[in-house]
Amino acid sequence: MCKLFINADPELWVSRTHSLRIDGMVTSVRMENAFWQVLSELAERDGMNLPQMITRLYHESIDAGHDLGNFTSFLRVCALRYLELQLSGAVPRDPRVPIASLNADRILAGKTGEPVAQEVVSKAKH
């Protein structure tokens, strides 16, 4: 079992710092490259760059009343949640399907197969 993890590319666990501006304030976020890769894929799905997506996550979390005392941990959980939702089939693995096109309420309620997502996949294939 461990060989699958031990022999992974060591670059995946190298930490990297990104500096970005949220509401005029410069902040730095330090995470392992594996998390940055997942978050970058997530951003690309909705036509955003990484700083845009992180800023959006920040604002939406604040709007939802969350205390983001540890913003880096929040971003790591977002990355893991994204992968978890893909594995469960709730979020299509096809990166051409924007996350914004999915019905979050249906996914959170455990109802997958949202027609809008399927339509987007069909259109993307043609």
# chains A, B, ... in the order shown; residues from 1 in each chain; ligands from 1
$ select_by_dssp --residues "chain A" --states "alpha helix (DSSP H)" --output "JSON, numbers by chain"
{"A": [2, 3, 4, 5, 6, 33, 34, 35, 36, 37, 38, 39, 40, 41, 42, 43, 44, 45, 50, 51, 52, 53, 54, 55, 56, 57, 58, 59, 60, 61, 62, 63, 71, 72, 73, 74, 75, 76, 77, 78, 79, 80, 81, 82, 83, 84, 85, 86, 87, 88, 104, 105, 106, 107, 108, 115, 116, 117, 118, 119, 120, 121, 122, 123, 124, 125]}
$ residues_around --residues "Ala90 of chain A" --least-positions-apart "3" --cutoff "12 Å" --atoms "only C-alpha atoms" --output "ChimeraX atom specification"
/A:81-87,93-94,99,102-114,117-118
$ closest_residue --among "A:Leu39, A:Met48, A:Cys78, A:Ala34" --to "Asp9 of chain A" --atoms "only C-alpha atoms"
A:Ala34
$ closest_residue --among "A:Gly69, A:Pro95, A:Gly89, A:Pro10" --to "Asn33 of chain A" --atoms "only C-alpha atoms"
A:Pro10
$ closest_residue --among "A:Leu12, A:Leu20, A:Met25, A:Leu42" --to "Ala79 of chain A" --atoms "only C-alpha atoms"
A:Leu42
$ residues_around --residues "Met31 of chain A" --least-positions-apart "4" --cutoff "10 Å" --atoms "only C-alpha atoms" --output "ChimeraX atom specification"
/A:13-18,35-36,72-73,75-76
$ write_last_selection --atoms "N, CA, C and O atoms" --output "PDB file, in the first residue's frame"
ATOM      1  N   TRP A  13       4.423  17.105  -2.753  1.00  0.00           N
ATOM      2  CA  TRP A  13       4.343  17.541  -1.367  1.00  0.00           C
ATOM      3  C   TRP A  13       5.240  18.733  -1.051  1.00  0.00           C
ATOM      4  O   TRP A  13       5.305  19.189   0.079  1.00  0.00           O
ATOM      5  N   VAL A  14       5.898  19.283  -2.070  1.00  0.00           N
ATOM      6  CA  VAL A  14       6.661  20.512  -1.881  1.00  0.00           C
ATOM      7  C   VAL A  14       5.668  21.659  -1.686  1.00  0.00           C
ATOM      8  O   VAL A  14       4.704  21.796  -2.440  1.00  0.00           O
ATOM      9  N   SER A  15       5.896  22.467  -0.670  1.00  0.00           N
ATOM     10  CA  SER A  15       5.015  23.599  -0.400  1.00  0.00           C
ATOM     11  C   SER A  15       5.415  24.800  -1.257  1.00  0.00           C
ATOM     12  O   SER A  15       6.592  25.034  -1.504  1.00  0.00           O
ATOM     13  N   ARG A  16       4.390  25.533  -1.661  1.00  0.00           N
ATOM     14  CA  ARG A  16       4.599  26.728  -2.470  1.00  0.00           C
ATOM     15  C   ARG A  16       3.673  27.814  -1.941  1.00  0.00           C
ATOM     16  O   ARG A  16       2.537  27.528  -1.546  1.00  0.00           O
ATOM     17  N   THR A  17       4.148  29.035  -1.935  1.00  0.00           N
ATOM     18  CA  THR A  17       3.367  30.163  -1.452  1.00  0.00           C
ATOM     19  C   THR A  17       2.854  30.981  -2.626  1.00  0.00           C
ATOM     20  O   THR A  17       3.589  31.271  -3.557  1.00  0.00           O
ATOM     21  N   HIS A  18       1.578  31.303  -2.584  1.00  0.00           N
ATOM     22  CA  HIS A  18       0.960  32.203  -3.554  1.00  0.00           C
ATOM     23  C   HIS A  18       0.529  33.451  -2.794  1.00  0.00           C
ATOM     24  O   HIS A  18      -0.117  33.348  -1.746  1.00  0.00           O
ATOM     25  N   PHE A  35      -2.237  20.260  -3.732  1.00  0.00           N
ATOM     26  CA  PHE A  35      -3.443  21.053  -3.514  1.00  0.00           C
ATOM     27  C   PHE A  35      -3.573  22.167  -4.541  1.00  0.00           C
ATOM     28  O   PHE A  35      -4.662  22.435  -5.040  1.00  0.00           O
ATOM     29  N   TRP A  36      -2.448  22.828  -4.857  1.00  0.00           N
ATOM     30  CA  TRP A  36      -2.486  23.886  -5.876  1.00  0.00           C
ATOM     31  C   TRP A  36      -2.943  23.329  -7.215  1.00  0.00           C
ATOM     32  O   TRP A  36      -3.704  23.988  -7.937  1.00  0.00           O
ATOM     33  N   THR A  72      -6.178  28.666   4.796  1.00  0.00           N
ATOM     34  CA  THR A  72      -5.424  27.631   4.085  1.00  0.00           C
ATOM     35  C   THR A  72      -6.061  26.261   4.290  1.00  0.00           C
ATOM     36  O   THR A  72      -6.200  25.483   3.342  1.00  0.00           O
ATOM     37  N   SER A  73      -6.482  25.964   5.499  1.00  0.00           N
ATOM     38  CA  SER A  73      -7.165  24.686   5.753  1.00  0.00           C
ATOM     39  C   SER A  73      -8.464  24.616   4.975  1.00  0.00           C
ATOM     40  O   SER A  73      -8.812  23.568   4.422  1.00  0.00           O
ATOM     41  N   LEU A  75      -9.080  25.980   2.102  1.00  0.00           N
ATOM     42  CA  LEU A  75      -8.752  25.698   0.698  1.00  0.00           C
ATOM     43  C   LEU A  75      -8.357  24.236   0.494  1.00  0.00           C
ATOM     44  O   LEU A  75      -8.720  23.625  -0.506  1.00  0.00           O
ATOM     45  N   ARG A  76      -7.639  23.667   1.453  1.00  0.00           N
ATOM     46  CA  ARG A  76      -7.282  22.246   1.353  1.00  0.00           C
ATOM     47  C   ARG A  76      -8.542  21.380   1.360  1.00  0.00           C
ATOM     48  O   ARG A  76      -8.663  20.436   0.590  1.00  0.00           O
TER      49      ARG A  76
END
